[in-house]
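Pasting final_12.txt here (compact mmCIF, C-alpha atoms and all ligand atoms):
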# COMPACT_ATOMS: atom_id res chain seq x y z
CA MET A 18 20.45 -7.55 25.68
CA ILE A 19 16.89 -8.95 25.82
CA ARG A 20 16.29 -11.74 23.35
CA ILE A 21 12.84 -13.24 23.07
CA ASP A 22 13.16 -16.44 21.15
CA ARG A 23 10.07 -18.06 19.57
CA ILE A 24 7.91 -17.98 22.66
CA ARG A 25 4.50 -19.48 22.87
CA LYS A 26 2.17 -19.15 25.84
CA LEU A 27 -0.83 -21.29 26.58
CA PHE A 28 -3.12 -20.62 29.53
CA PRO A 29 -5.35 -23.39 30.82
CA THR A 30 -8.94 -22.21 31.25
CA ARG A 31 -12.23 -23.96 32.01
CA GLU A 32 -13.03 -23.96 28.28
CA GLY A 33 -9.67 -25.49 27.40
CA GLU A 34 -6.37 -23.89 26.56
CA VAL A 35 -6.03 -20.29 25.39
CA GLU A 36 -3.10 -19.56 23.12
CA ALA A 37 -2.08 -16.08 24.29
CA LEU A 38 1.17 -15.84 22.28
CA ARG A 39 2.48 -17.75 19.28
CA ASP A 40 5.98 -17.72 17.87
CA VAL A 41 6.96 -14.31 19.26
CA SER A 42 10.58 -13.32 18.69
CA LEU A 43 12.07 -9.95 19.47
CA HIS A 44 15.41 -8.42 20.31
CA VAL A 45 15.84 -5.32 22.46
CA ALA A 46 19.29 -3.74 22.53
CA ALA A 47 20.82 -2.24 25.66
CA GLY A 48 19.55 1.31 26.07
CA GLU A 49 16.85 0.89 23.44
CA PHE A 50 13.28 2.16 23.84
CA VAL A 51 10.74 -0.27 22.38
CA ALA A 52 6.98 0.30 22.47
CA ILE A 53 4.42 -2.48 22.10
CA VAL A 54 0.95 -1.74 20.75
CA GLY A 55 -1.94 -3.97 19.80
CA ALA A 56 -5.60 -4.66 20.50
CA SER A 57 -6.81 -5.55 23.98
CA GLY A 58 -6.14 -9.20 24.71
CA CYS A 59 -3.34 -9.66 22.16
CA GLY A 60 -0.88 -10.71 24.85
CA LYS A 61 1.06 -7.53 25.66
CA SER A 62 0.91 -7.94 29.44
CA THR A 63 1.66 -11.64 29.12
CA LEU A 64 4.79 -10.86 27.08
CA LEU A 65 5.95 -8.26 29.58
CA ARG A 66 5.40 -10.62 32.52
CA MET A 67 7.52 -13.22 30.79
CA ILE A 68 10.37 -10.75 30.23
CA ALA A 69 10.10 -9.88 33.94
CA GLY A 70 10.43 -13.56 34.85
CA LEU A 71 7.04 -13.58 36.58
CA ILE A 72 5.54 -16.32 34.38
CA PRO A 73 7.27 -18.94 32.25
CA PRO A 74 6.70 -19.37 28.51
CA SER A 75 5.10 -22.66 27.43
CA SER A 76 7.87 -23.01 24.87
CA GLY A 77 10.72 -20.84 23.64
CA GLN A 78 12.74 -18.67 25.97
CA VAL A 79 13.55 -15.17 27.16
CA LEU A 80 17.26 -14.40 27.44
CA LEU A 81 18.78 -11.51 29.33
CA ASP A 82 22.43 -10.98 28.42
CA GLY A 83 22.43 -14.52 27.08
CA SER A 84 21.07 -16.31 30.13
CA PRO A 85 17.48 -17.60 30.42
CA VAL A 86 15.11 -15.56 32.58
CA THR A 87 13.43 -17.94 34.99
CA ALA A 88 12.73 -15.62 37.94
CA PRO A 89 12.55 -11.86 38.63
CA ARG A 90 15.93 -10.15 38.54
CA ALA A 91 17.40 -7.17 40.37
CA GLU A 92 18.33 -5.40 37.12
CA THR A 93 14.73 -5.50 35.89
CA ALA A 94 11.94 -3.28 37.21
CA MET A 95 8.31 -3.37 36.20
CA VAL A 96 5.44 -0.89 36.35
CA PHE A 97 2.14 -2.74 36.19
CA GLN A 98 -1.09 -1.73 34.47
CA ALA A 99 -2.60 -0.93 37.88
CA ALA A 100 -0.43 0.50 40.64
CA THR A 101 0.57 -2.21 43.10
CA LEU A 102 1.59 -0.33 46.24
CA LEU A 103 1.92 -1.66 49.75
CA PRO A 104 -1.28 -0.36 51.40
CA TRP A 105 0.23 0.00 54.87
CA ALA A 106 3.40 1.86 53.81
CA ASP A 107 3.58 5.57 53.06
CA VAL A 108 4.68 6.94 49.67
CA LEU A 109 8.35 7.29 50.56
CA ARG A 110 8.55 3.79 52.03
CA ASN A 111 6.77 2.37 48.99
CA VAL A 112 9.25 4.00 46.64
CA THR A 113 12.29 2.76 48.59
CA PHE A 114 10.84 -0.69 49.32
CA PRO A 115 12.53 -2.73 46.53
CA LEU A 116 15.97 -1.30 47.36
CA ARG A 117 15.47 -1.99 51.06
CA LEU A 118 14.27 -5.50 50.22
CA MET A 119 17.38 -6.13 48.11
CA LYS A 120 19.56 -4.54 50.82
CA GLN A 121 20.71 -1.91 48.35
CA ALA A 122 19.35 1.15 50.13
CA GLY A 123 22.08 3.56 51.13
CA ALA A 124 22.64 7.03 52.53
CA GLY A 125 21.48 8.80 49.37
CA THR A 126 18.45 6.62 48.71
CA GLU A 127 15.88 8.79 50.47
CA ALA A 128 17.14 11.98 48.82
CA ARG A 129 16.96 10.36 45.39
CA ALA A 130 13.47 9.09 46.16
CA ARG A 131 12.36 12.58 47.16
CA ALA A 132 13.86 14.04 43.99
CA LEU A 133 12.02 11.51 41.81
CA LEU A 134 8.76 12.19 43.66
CA ALA A 135 9.31 15.89 43.02
CA THR A 136 9.61 15.35 39.25
CA ALA A 137 6.39 13.33 39.41
CA GLY A 138 4.63 16.22 41.15
CA LEU A 139 4.35 14.40 44.46
CA THR A 140 6.27 16.71 46.78
CA GLY A 141 4.31 17.06 50.02
CA PHE A 142 2.75 13.59 49.67
CA GLU A 143 5.76 11.59 50.91
CA ARG A 144 4.05 10.56 54.15
CA ARG A 145 0.63 9.78 52.68
CA LEU A 146 -0.71 6.25 52.44
CA PRO A 147 -1.69 4.91 48.99
CA ARG A 148 -5.43 5.00 49.82
CA GLU A 149 -5.11 8.73 50.45
CA LEU A 150 -3.98 9.31 46.85
CA SER A 151 -5.84 9.34 43.53
CA GLY A 152 -5.33 6.46 41.07
CA GLY A 153 -3.08 8.59 38.89
CA MET A 154 -0.97 9.65 41.87
CA GLN A 155 -0.59 6.02 42.96
CA GLN A 156 0.60 5.13 39.48
CA ARG A 157 3.15 7.94 39.60
CA VAL A 158 4.44 6.52 42.90
CA ALA A 159 4.81 3.10 41.23
CA ILE A 160 6.79 4.71 38.38
CA CYS A 161 9.09 6.45 40.87
CA ARG A 162 9.59 3.15 42.68
CA ALA A 163 10.71 1.46 39.44
CA LEU A 164 13.04 4.32 38.45
CA LEU A 165 14.69 4.47 41.87
CA GLN A 166 16.03 0.96 41.26
CA GLU A 167 17.98 2.34 38.28
CA PRO A 168 17.14 -0.83 36.38
CA ARG A 169 18.96 -1.84 33.20
CA VAL A 170 15.59 -3.08 31.95
CA LEU A 171 12.43 -1.12 32.64
CA LEU A 172 9.16 -2.84 31.75
CA MET A 173 6.10 -0.61 31.69
CA ASP A 174 2.57 -1.93 31.14
CA GLU A 175 0.36 1.00 30.14
CA PRO A 176 1.92 3.03 32.94
CA PHE A 177 0.10 6.24 32.03
CA GLY A 178 -3.31 4.68 31.44
CA ALA A 179 -4.79 6.07 34.66
CA LEU A 180 -3.40 9.58 34.22
CA ASP A 181 -5.19 12.62 32.79
CA ALA A 182 -3.96 13.82 29.38
CA LEU A 183 -1.81 16.66 30.72
CA THR A 184 -0.04 14.60 33.40
CA ARG A 185 0.39 11.83 30.85
CA GLU A 186 2.25 14.15 28.48
CA GLU A 187 4.40 15.56 31.29
CA MET A 188 5.24 12.07 32.55
CA SER A 189 6.18 10.80 29.10
CA LEU A 190 8.61 13.68 28.57
CA GLU A 191 9.99 13.13 32.07
CA LEU A 192 10.44 9.43 31.32
CA LEU A 193 12.38 10.33 28.17
CA ARG A 194 14.60 12.72 30.13
CA ILE A 195 15.38 10.03 32.71
CA TRP A 196 15.91 7.37 30.02
CA GLN A 197 18.29 9.61 28.07
CA GLY A 198 20.48 10.08 31.11
CA ARG A 199 21.25 6.40 31.59
CA GLU A 200 21.76 3.09 29.85
CA MET A 201 18.32 1.57 30.32
CA ALA A 202 16.35 -0.59 27.91
CA VAL A 203 12.63 0.21 28.09
CA VAL A 204 9.79 -2.00 26.91
CA PHE A 205 6.68 0.14 27.03
CA VAL A 206 3.15 -1.17 26.42
CA THR A 207 0.59 1.43 25.44
CA HIS A 208 -2.80 1.81 23.78
CA SER A 209 -1.84 5.23 22.49
CA ILE A 210 -0.28 5.24 19.02
CA PRO A 211 1.01 8.85 19.28
CA GLU A 212 2.57 7.99 22.64
CA ALA A 213 4.33 4.96 21.14
CA VAL A 214 5.70 7.01 18.23
CA LEU A 215 6.76 9.90 20.49
CA LEU A 216 8.69 7.66 22.86
CA ALA A 217 10.11 4.72 20.97
CA ASP A 218 13.04 3.80 18.75
CA ARG A 219 10.91 0.94 17.43
CA VAL A 220 7.21 0.15 17.75
CA VAL A 221 6.18 -3.50 17.83
CA VAL A 222 2.65 -3.96 16.50
CA MET A 223 0.99 -7.15 17.73
CA SER A 224 -1.89 -9.00 16.15
CA PRO A 225 -4.51 -10.76 18.30
CA ARG A 226 -5.71 -14.34 18.84
CA PRO A 227 -3.10 -15.65 19.17
CA GLY A 228 -0.76 -12.76 19.85
CA ARG A 229 2.05 -12.48 17.31
CA VAL A 230 4.38 -9.77 16.09
CA ALA A 231 2.66 -8.28 13.03
CA GLU A 232 5.32 -5.71 12.22
CA VAL A 233 8.14 -3.76 13.82
CA ILE A 234 8.27 -0.10 12.79
CA GLU A 235 11.42 1.99 13.11
CA ILE A 236 10.75 5.51 14.34
CA ASP A 237 13.12 7.79 12.51
CA LEU A 238 12.71 11.01 14.50
CA PRO A 239 15.52 12.99 16.10
CA ARG A 240 15.99 13.10 19.87
CA PRO A 241 15.28 14.72 22.19
CA ARG A 242 11.67 14.20 21.17
CA SER A 243 8.94 16.74 21.71
CA PHE A 244 5.22 17.00 21.01
CA GLU A 245 5.96 19.49 18.21
CA GLN A 246 7.28 16.53 16.23
CA GLU A 247 3.73 15.17 15.94
CA ALA A 248 3.30 17.54 12.98
CA LEU A 249 6.28 16.07 11.09
CA PRO A 250 5.61 13.82 8.07
CA ALA A 251 7.79 11.03 9.55
CA PHE A 252 5.65 11.05 12.72
CA GLN A 253 2.38 11.04 10.78
CA ALA A 254 3.54 8.28 8.46
CA ALA A 255 4.58 6.01 11.33
CA ALA A 256 1.33 6.61 13.22
CA GLN A 257 -0.69 6.00 10.07
CA ARG A 258 1.11 2.74 9.36
CA ILE A 259 0.46 1.49 12.90
CA ARG A 260 -3.19 2.56 12.73
CA ALA A 261 -3.63 0.70 9.43
CA LEU A 262 -2.09 -2.44 10.93
CA ILE A 263 -4.27 -2.35 14.03
CA TYR A 264 -7.59 -1.13 12.63
CA GLY A 265 -7.27 -1.77 8.90
CA GLY A 266 -8.19 -5.44 9.12
CA ARG A 267 -4.91 -6.24 7.39
CA LEU A 268 -3.46 -8.13 10.28
CA PRO A 269 -2.57 -11.71 9.51
CA ARG A 270 -5.02 -13.92 11.36
CA ALA A 271 -3.74 -17.27 12.45
CA ALA A 272 -5.54 -20.26 10.97
N1 LIG B 1 -3.82 -16.07 33.88
C1 LIG B 1 -4.51 -16.25 32.74
N2 LIG B 1 -5.33 -17.31 32.58
C2 LIG B 1 -6.01 -17.50 31.44
N3 LIG B 1 -5.95 -16.69 30.38
C3 LIG B 1 -5.16 -15.62 30.47
C4 LIG B 1 -4.40 -15.32 31.66
N4 LIG B 1 -3.71 -14.19 31.45
C5 LIG B 1 -4.02 -13.78 30.21
N5 LIG B 1 -4.88 -14.63 29.62
C6 LIG B 1 -5.41 -14.54 28.25
O1 LIG B 1 -4.33 -14.29 27.38
C7 LIG B 1 -4.67 -13.33 26.40
C8 LIG B 1 -3.71 -12.15 26.48
O2 LIG B 1 -3.91 -11.43 27.70
P1 LIG B 1 -3.06 -10.15 28.09
O3 LIG B 1 -3.50 -9.70 29.42
O4 LIG B 1 -1.63 -10.45 27.90
O5 LIG B 1 -3.54 -9.12 26.95
P2 LIG B 1 -3.20 -7.57 26.78
O6 LIG B 1 -2.70 -7.41 25.38
O7 LIG B 1 -2.31 -7.11 27.86
O8 LIG B 1 -4.63 -6.88 26.88
P3 LIG B 1 -5.02 -5.42 27.45
O9 LIG B 1 -4.63 -4.44 26.37
O10 LIG B 1 -6.50 -5.48 27.61
O11 LIG B 1 -4.29 -5.19 28.73
C9 LIG B 1 -6.12 -12.98 26.63
O12 LIG B 1 -6.90 -13.76 25.77
C10 LIG B 1 -6.35 -13.35 28.07
O13 LIG B 1 -7.68 -13.74 28.27
MG MG B 2 -2.52 -5.75 29.38

Could you render the structure as structure tokens?
Amino acid sequence: MIRIDRIRKLFPTREGEVEALRDVSLHVAAGEFVAIVGASGCGKSTLLRMIAGLIPPSSGQVLLDGSPVTAPRAETAMVFQAATLLPWADVLRNVTFPLRLMKQAGAGTEARARALLATAGLTGFERRLPRELSGGMQQRVAICRALLQEPRVLLMDEPFGALDALTREEMSLELLRIWQGREMAVVFVTHSIPEAVLLADRVVVMSPRPGRVAEVIEIDLPRPRSFEQEALPAFQAAAQRIRALIYGGRLPRAA
């Protein structure tokens, strides 16, 4: 469904060009859950923005169902590293905004939005403005907004980074429940290795400067997943392998 084909990304800066990504290729099947991990600055957000059609690759291409992604698409939704809510619109209007913008809001839209907000623990906050919420609550609103679009591709850039540990665990299980109920490919960037292993079918480990795919690790754990699985040898082995790749100094450095 998503095919990333030998992309390279150069950013012009005052000190010359920065090579953010080099020769990155990846395939994500329909309905697959892929996590991306790697050190800060290795190009995870850049990669996600290119899949979303927000920035173009310098060379190579991103294909969605075989056609090049050159602009944002209705079937793709993104949750950014920091919540990006409309400051003047209340929670409910923020969540329904993309559907209203695309003229896809219907009779059931508000009820579905309220139900999603309820699962995110935001019942009673529907009429609040973003500035009246905590950072974690704002991020939960942004997640609800993405899910309401029922995207075929959900791109999430460290969506739980601003949440406390407990909410983070609840939200990741909730995300899995929602994902299991529909055909939705998820590309999920995280700094948390256990989170990546818990959620994903495959974990893509990226190496820094320039960002490349170091290794793709299959997570062979039954679904539905639960935190009890963290004790399983398969979980530990996958997490250990990822840790070794990221921190073990065994990442291939580009010349
Ligand atoms: N608009 C830009 N202009 C110049 N350089 C950029 C731009 N965006 C990203 N970069 C550079 O590209 C590289 C990758 O950045 P990116 O934000 O994709 O990393 P990341 O893996 O998401 O990091 P983090 O984990 O800290 O969010 C970095 O070296 C960054 O400085
Ligand atoms: Mg980032």

Considering only C-alpha atoms, state which residue in the set A:Gly138, A:Arg23, A:Ser224, A:Leu80 is at the smallest distance from A:Tyr264.
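Answer, going by the shortest atom-to-atom distance: A:Ser224.
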
Point out the residue among A:Val214, A:Leu249, A:Ile21, A:Leu64 with the least atom-to-atom distance to ligand MG 2 (chain B), counting all atoms listed in the file.
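The closest residue to ligand MG 2 (chain B) is A:Leu64.
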
Using only C-alpha atoms and all ligand atoms, find the one residue out of A:Val230, A:Leu109, A:Val158, A:Val203 that sits nearest to ligand LIG 1 (chain B).
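Answer, going by the shortest atom-to-atom distance: A:Val230.
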
Point (15.2, -0.1, 46.0), cut-off 10 Å, counting only C-alpha atoms, residues as a PyMOL selection string:
chain A and resi 91+94+110-123+126-127+130+162-168

Nearby residues (only C-alpha atoms) at most 10 Å from A:Phe177, same-chain spacing under 4 positions excluded, as a ChimeraX atom specification:
/A:96,98-99,153,156-157,160,173,181-182,184-186,188-189,206-209,212

Go ahead and dump the residues you just picked, C-alpha atoms, as a PDB file, keeping the file's coordinate frame.
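Saved to out.pdb:
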ATOM      1  CA  VAL A  96       5.440  -0.890  36.350  1.00  0.00           C
ATOM      2  CA  GLN A  98      -1.090  -1.730  34.470  1.00  0.00           C
ATOM      3  CA  ALA A  99      -2.600  -0.930  37.880  1.00  0.00           C
ATOM      4  CA  GLY A 153      -3.080   8.590  38.890  1.00  0.00           C
ATOM      5  CA  GLN A 156       0.600   5.130  39.480  1.00  0.00           C
ATOM      6  CA  ARG A 157       3.150   7.940  39.600  1.00  0.00           C
ATOM      7  CA  ILE A 160       6.790   4.710  38.380  1.00  0.00           C
ATOM      8  CA  MET A 173       6.100  -0.610  31.690  1.00  0.00           C
ATOM      9  CA  ASP A 181      -5.190  12.620  32.790  1.00  0.00           C
ATOM     10  CA  ALA A 182      -3.960  13.820  29.380  1.00  0.00           C
ATOM     11  CA  THR A 184      -0.040  14.600  33.400  1.00  0.00           C
ATOM     12  CA  ARG A 185       0.390  11.830  30.850  1.00  0.00           C
ATOM     13  CA  GLU A 186       2.250  14.150  28.480  1.00  0.00           C
ATOM     14  CA  MET A 188       5.240  12.070  32.550  1.00  0.00           C
ATOM     15  CA  SER A 189       6.180  10.800  29.100  1.00  0.00           C
ATOM     16  CA  VAL A 206       3.150  -1.170  26.420  1.00  0.00           C
ATOM     17  CA  THR A 207       0.590   1.430  25.440  1.00  0.00           C
ATOM     18  CA  HIS A 208      -2.800   1.810  23.780  1.00  0.00           C
ATOM     19  CA  SER A 209      -1.840   5.230  22.490  1.00  0.00           C
ATOM     20  CA  GLU A 212       2.570   7.990  22.640  1.00  0.00           C
TER      21      GLU A 212
END

For a quick check of understanding, using all atoms listed in the file, which of A:Asp174, A:Asp82, A:Glu32, A:Glu143 has the smallest distance to A:Thr63?
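For A:Thr63, the nearest of the candidates is A:Asp174.
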
What residues have any atom no more than 8 Å from ligand LIG 1 (chain B) when counting only C-alpha atoms and all ligand atoms, and can you list them as JSON, numbers by chain?
{"A": [27, 28, 29, 30, 35, 36, 37, 38, 55, 56, 57, 58, 59, 60, 61, 62, 63, 64, 98, 174, 175, 207, 208, 226, 227, 228]}

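For the atom pair formed by atom CA of A:Val108 and atom CA of A:Gly141, the distance is 10.1 Å, given to one decimal.
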
If I wrap all listed atoms of stretch 121-125 of chain A in a box with edges along x, y and z and add 8 Å on each side, what are its centre and edge lengths in Å to one decimal, as AutoDock Vina command-line options?
--center_x 21.0 --center_y 3.4 --center_z 50.4 --size_x 19.3 --size_y 26.7 --size_z 20.2

Would you mind telling me which residue in A:Pro211, A:Pro176, A:Gly152, A:Gly198 lies nearest to ligand MG 2 (chain B) when using all atoms listed in the file?
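Ranking A:Pro211, A:Pro176, A:Gly152, A:Gly198 by distance to ligand MG 2 (chain B), first place goes to A:Pro176.
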
Smallest atom-to-atom distance to A:Ile53: which of A:Arg199, A:Arg242, A:Arg219, A:Arg90, using all atoms listed in the file?
A:Arg219

Any idea what the distance is between atom CA of A:Lys26 and atom CA of A:Val233?
20.4 Å

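Straight-line separation from atom CA of A:Val51 to atom CA of A:Met154: 24.8 Å.
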
Counting all atoms listed in the file, write as number ranges by chain all protein and nucleic acid residues lying at most 12 Å from (18.0, -2.9, 21.7) in the file's frame.
A: 18-21, 43-52, 81-82, 169-170, 200-204, 217-220, 235

Just add all heavy atoms to stretch 226-237 of chain A and send it as a PDB file, keeping the file's coordinate frame.
ATOM      1  N   ARG A 226      -5.115 -12.992  18.932  1.00  0.00           N
ATOM      2  CA  ARG A 226      -5.710 -14.340  18.840  1.00  0.00           C
ATOM      3  C   ARG A 226      -5.080 -15.248  17.820  1.00  0.00           C
ATOM      4  O   ARG A 226      -5.690 -15.477  16.788  1.00  0.00           O
ATOM      5  CB  ARG A 226      -7.216 -14.211  18.607  1.00  0.00           C
ATOM      6  CG  ARG A 226      -7.968 -13.800  19.862  1.00  0.00           C
ATOM      7  CD  ARG A 226      -9.444 -13.728  19.614  1.00  0.00           C
ATOM      8  NE  ARG A 226      -9.771 -12.849  18.507  1.00  0.00           N
ATOM      9  CZ  ARG A 226      -9.920 -11.528  18.622  1.00  0.00           C
ATOM     10  NH1 ARG A 226      -9.807 -10.956  19.770  1.00  0.00           N
ATOM     11  NH2 ARG A 226     -10.208 -10.793  17.572  1.00  0.00           N
ATOM     12  N   PRO A 227      -4.018 -15.865  18.045  1.00  0.00           N
ATOM     13  CA  PRO A 227      -3.100 -15.650  19.170  1.00  0.00           C
ATOM     14  C   PRO A 227      -2.188 -14.470  18.915  1.00  0.00           C
ATOM     15  O   PRO A 227      -2.016 -14.065  17.769  1.00  0.00           O
ATOM     16  CB  PRO A 227      -2.309 -16.957  19.188  1.00  0.00           C
ATOM     17  CG  PRO A 227      -2.261 -17.378  17.754  1.00  0.00           C
ATOM     18  CD  PRO A 227      -3.574 -16.951  17.161  1.00  0.00           C
ATOM     19  N   GLY A 228      -1.630 -13.914  19.988  1.00  0.00           N
ATOM     20  CA  GLY A 228      -0.760 -12.760  19.850  1.00  0.00           C
ATOM     21  C   GLY A 228       0.525 -13.101  19.097  1.00  0.00           C
ATOM     22  O   GLY A 228       1.198 -14.078  19.408  1.00  0.00           O
ATOM     23  N   ARG A 229       0.807 -12.305  18.071  1.00  0.00           N
ATOM     24  CA  ARG A 229       2.050 -12.480  17.310  1.00  0.00           C
ATOM     25  C   ARG A 229       2.578 -11.100  16.972  1.00  0.00           C
ATOM     26  O   ARG A 229       1.843 -10.116  17.029  1.00  0.00           O
ATOM     27  CB  ARG A 229       1.815 -13.216  15.997  1.00  0.00           C
ATOM     28  CG  ARG A 229       0.767 -14.287  16.051  1.00  0.00           C
ATOM     29  CD  ARG A 229       0.459 -14.798  14.677  1.00  0.00           C
ATOM     30  NE  ARG A 229       1.514 -15.721  14.245  1.00  0.00           N
ATOM     31  CZ  ARG A 229       1.304 -16.703  13.385  1.00  0.00           C
ATOM     32  NH1 ARG A 229       0.116 -16.877  12.857  1.00  0.00           N
ATOM     33  NH2 ARG A 229       2.277 -17.495  13.029  1.00  0.00           N
ATOM     34  N   VAL A 230       3.830 -11.038  16.552  1.00  0.00           N
ATOM     35  CA  VAL A 230       4.380  -9.770  16.090  1.00  0.00           C
ATOM     36  C   VAL A 230       3.947  -9.578  14.643  1.00  0.00           C
ATOM     37  O   VAL A 230       4.312 -10.362  13.772  1.00  0.00           O
ATOM     38  CB  VAL A 230       5.916  -9.762  16.206  1.00  0.00           C
ATOM     39  CG1 VAL A 230       6.483  -8.476  15.589  1.00  0.00           C
ATOM     40  CG2 VAL A 230       6.342  -9.874  17.659  1.00  0.00           C
ATOM     41  N   ALA A 231       3.122  -8.542  14.397  1.00  0.00           N
ATOM     42  CA  ALA A 231       2.660  -8.280  13.030  1.00  0.00           C
ATOM     43  C   ALA A 231       3.725  -7.517  12.248  1.00  0.00           C
ATOM     44  O   ALA A 231       4.000  -7.824  11.093  1.00  0.00           O
ATOM     45  CB  ALA A 231       1.358  -7.486  13.057  1.00  0.00           C
ATOM     46  N   GLU A 232       4.301  -6.515  12.897  1.00  0.00           N
ATOM     47  CA  GLU A 232       5.320  -5.710  12.220  1.00  0.00           C
ATOM     48  C   GLU A 232       6.092  -4.906  13.257  1.00  0.00           C
ATOM     49  O   GLU A 232       5.560  -4.545  14.301  1.00  0.00           O
ATOM     50  CB  GLU A 232       4.636  -4.757  11.223  1.00  0.00           C
ATOM     51  CG  GLU A 232       5.583  -4.197  10.187  1.00  0.00           C
ATOM     52  CD  GLU A 232       4.838  -3.521   9.023  1.00  0.00           C
ATOM     53  OE1 GLU A 232       3.975  -4.181   8.404  1.00  0.00           O
ATOM     54  OE2 GLU A 232       5.134  -2.347   8.765  1.00  0.00           O
ATOM     55  N   VAL A 233       7.328  -4.622  12.954  1.00  0.00           N
ATOM     56  CA  VAL A 233       8.140  -3.760  13.820  1.00  0.00           C
ATOM     57  C   VAL A 233       8.482  -2.512  13.009  1.00  0.00           C
ATOM     58  O   VAL A 233       9.011  -2.606  11.907  1.00  0.00           O
ATOM     59  CB  VAL A 233       9.435  -4.471  14.274  1.00  0.00           C
ATOM     60  CG1 VAL A 233      10.263  -3.546  15.155  1.00  0.00           C
ATOM     61  CG2 VAL A 233       9.103  -5.759  15.015  1.00  0.00           C
ATOM     62  N   ILE A 234       8.114  -1.354  13.537  1.00  0.00           N
ATOM     63  CA  ILE A 234       8.270  -0.100  12.790  1.00  0.00           C
ATOM     64  C   ILE A 234       9.351   0.759  13.429  1.00  0.00           C
ATOM     65  O   ILE A 234       9.291   1.070  14.627  1.00  0.00           O
ATOM     66  CB  ILE A 234       6.915   0.625  12.733  1.00  0.00           C
ATOM     67  CG1 ILE A 234       5.964  -0.192  11.841  1.00  0.00           C
ATOM     68  CG2 ILE A 234       7.056   2.044  12.187  1.00  0.00           C
ATOM     69  CD1 ILE A 234       4.533   0.092  12.036  1.00  0.00           C
ATOM     70  N   GLU A 235      10.340   1.116  12.646  1.00  0.00           N
ATOM     71  CA  GLU A 235      11.420   1.990  13.110  1.00  0.00           C
ATOM     72  C   GLU A 235      10.910   3.424  13.156  1.00  0.00           C
ATOM     73  O   GLU A 235      10.301   3.890  12.187  1.00  0.00           O
ATOM     74  CB  GLU A 235      12.599   1.943  12.128  1.00  0.00           C
ATOM     75  CG  GLU A 235      13.197   0.582  11.914  1.00  0.00           C
ATOM     76  CD  GLU A 235      14.355   0.308  12.858  1.00  0.00           C
ATOM     77  OE1 GLU A 235      14.873   1.265  13.477  1.00  0.00           O
ATOM     78  OE2 GLU A 235      14.716  -0.881  12.980  1.00  0.00           O
ATOM     79  N   ILE A 236      11.167   4.113  14.243  1.00  0.00           N
ATOM     80  CA  ILE A 236      10.750   5.510  14.340  1.00  0.00           C
ATOM     81  C   ILE A 236      11.965   6.392  14.097  1.00  0.00           C
ATOM     82  O   ILE A 236      12.867   6.473  14.935  1.00  0.00           O
ATOM     83  CB  ILE A 236      10.120   5.826  15.713  1.00  0.00           C
ATOM     84  CG1 ILE A 236       8.992   4.836  16.017  1.00  0.00           C
ATOM     85  CG2 ILE A 236       9.606   7.267  15.731  1.00  0.00           C
ATOM     86  CD1 ILE A 236       7.849   4.813  15.032  1.00  0.00           C
ATOM     87  N   ASP A 237      11.952   7.036  12.943  1.00  0.00           N
ATOM     88  CA  ASP A 237      13.120   7.790  12.510  1.00  0.00           C
ATOM     89  C   ASP A 237      12.918   9.278  12.802  1.00  0.00           C
ATOM     90  O   ASP A 237      12.765  10.085  11.899  1.00  0.00           O
ATOM     91  CB  ASP A 237      13.336   7.537  11.013  1.00  0.00           C
ATOM     92  CG  ASP A 237      14.681   8.045  10.546  1.00  0.00           C
ATOM     93  OD1 ASP A 237      15.537   8.304  11.413  1.00  0.00           O
ATOM     94  OD2 ASP A 237      14.862   8.185   9.323  1.00  0.00           O
TER      95      ASP A 237
END
